[in-house]
Amino acid sequence: SNSEFILSALNKYRIEKAKAECFVENGLSEGNEIILLGRRLKIRLIKAMEERVVIDDKYVTLCLADTENYSNRLKILEVELNRMREIFFKSAVDKFYPVFKSFGVEYPMIVIKNSVSRWGYCQPLRSTIMMNKQLICVPEALMDYLALHELTHFLYPNHSAEFWNFAEQLMPDCRARRKDLQQYSFLLKN
């Protein structure tokens, strides 16, 4: 009786998975696109002595000694993305931490890893926040939302009315940002 709904859901999943593969996994060929900080940027490959990544408003330029070596493209880009993750995720936590410090919350350790089902979670007893690696693809305002969301769990371990009231005091549009973040769920991957 639910076969039409199930087939529709499976088709939607296939489409979303294809989007993620196009913009995240297979995006390292000349002219392909990658999503970074909520923007679609084109990949450029340039032969250069000094290997590095240059990011501007339109391009992610991979400067490589060997532009044909695909695994080296992945490696150099991942190094740059990891650097960016550390900067942006820490910055997002730092924006709200002073409020939580006043409640006696210890500065959390930020763990960055992949998750197929969630953007982040916190472990108050371990003073740890996990932020999904794919968050580097979303706009900075959505990273800020996630940081606030997880920090709020240090005070309210559930999604009670008190949780949302507290979060909305610090970010009045937090529910709208939550909804906006869900639009990027195709980036959650295995």
# chains A, B, ... in the order shown; residues from 1 in each chain; ligands from 1
>>> closest_atom_pairs(of="segment 52-169 of chain A", to="segment 30-41 of chain A", cutoff="12 Å", atoms="only C-alpha atoms", output="tab-separated table")
residue	atom	partner	partner_atom	distance
A:Val54	CA	A:Leu41	CA	11.6
A:Ile55	CA	A:Leu41	CA	8.7
A:Asp56	CA	A:Leu41	CA	8.5
A:Asp57	CA	A:Leu41	CA	7.4
A:Lys58	CA	A:Leu41	CA	5.2
A:Tyr59	CA	A:Leu41	CA	5.0
A:Val60	CA	A:Leu41	CA	6.2
A:Thr61	CA	A:Glu30	CA	9.3
A:Leu62	CA	A:Glu30	CA	9.5
A:Cys63	CA	A:Glu30	CA	11.9
A:Thr67	CA	A:Glu30	CA	9.7
A:Glu68	CA	A:Glu30	CA	10.5
A:Tyr70	CA	A:Glu30	CA	11.2
A:Arg73	CA	A:Glu30	CA	11.0
A:Leu77	CA	A:Ile34	CA	11.1
A:Glu80	CA	A:Leu36	CA	11.7
A:Leu81	CA	A:Leu36	CA	9.2
A:Met84	CA	A:Leu37	CA	10.0
A:Arg85	CA	A:Leu37	CA	10.4
A:Phe88	CA	A:Leu37	CA	9.7
A:Phe89	CA	A:Leu37	CA	11.7
A:Lys133	CA	A:Leu36	CA	11.6
A:Gln134	CA	A:Leu36	CA	9.2
A:Leu135	CA	A:Leu37	CA	8.1
A:Ile136	CA	A:Leu37	CA	5.7
A:Cys137	CA	A:Leu36	CA	4.1
A:Val138	CA	A:Gly38	CA	4.3
A:Pro139	CA	A:Gly38	CA	4.3
A:Glu140	CA	A:Leu37	CA	6.2
A:Ala141	CA	A:Leu37	CA	9.4
A:Leu142	CA	A:Gly38	CA	9.3
A:Met143	CA	A:Leu37	CA	9.2
A:Asp144	CA	A:Leu37	CA	12.0
>>> closest_atom_pairs(of="segment 142-179 of chain A", to="segment 106-119 of chain A", cutoff="12 Å", atoms="only C-alpha atoms", output="tab-separated table")
residue	atom	partner	partner_atom	distance
A:Leu142	CA	A:Trp119	CA	10.4
A:Met143	CA	A:Trp119	CA	9.4
A:Tyr145	CA	A:Trp119	CA	10.8
A:Leu146	CA	A:Trp119	CA	7.5
A:Ala147	CA	A:Ile110	CA	9.9
A:His149	CA	A:Trp119	CA	10.6
A:Glu150	CA	A:Trp119	CA	10.0
A:Leu151	CA	A:Pro108	CA	8.5
A:Thr152	CA	A:Pro108	CA	12.0
A:His153	CA	A:Pro108	CA	11.7
A:Phe154	CA	A:Glu106	CA	9.4
A:Leu155	CA	A:Glu106	CA	11.4
A:Arg178	CA	A:Trp119	CA	10.6
>>> select_by_dssp(residues="segment 8-189 of chain A", states="alpha helix (DSSP H)", output="PyMOL selection string")
chain A and resi 8-20+70-101+140-152+161-170+174-182
>>> residues_around(residues="Leu148 of chain A", least_positions_apart="4", cutoff="12 Å", atoms="only C-alpha atoms", output="count of residues only")
40
>>> atom_distance(atom1="atom CA of Leu188 of chain A", atom2="atom CA of Met130 of chain A")
14.1 Å
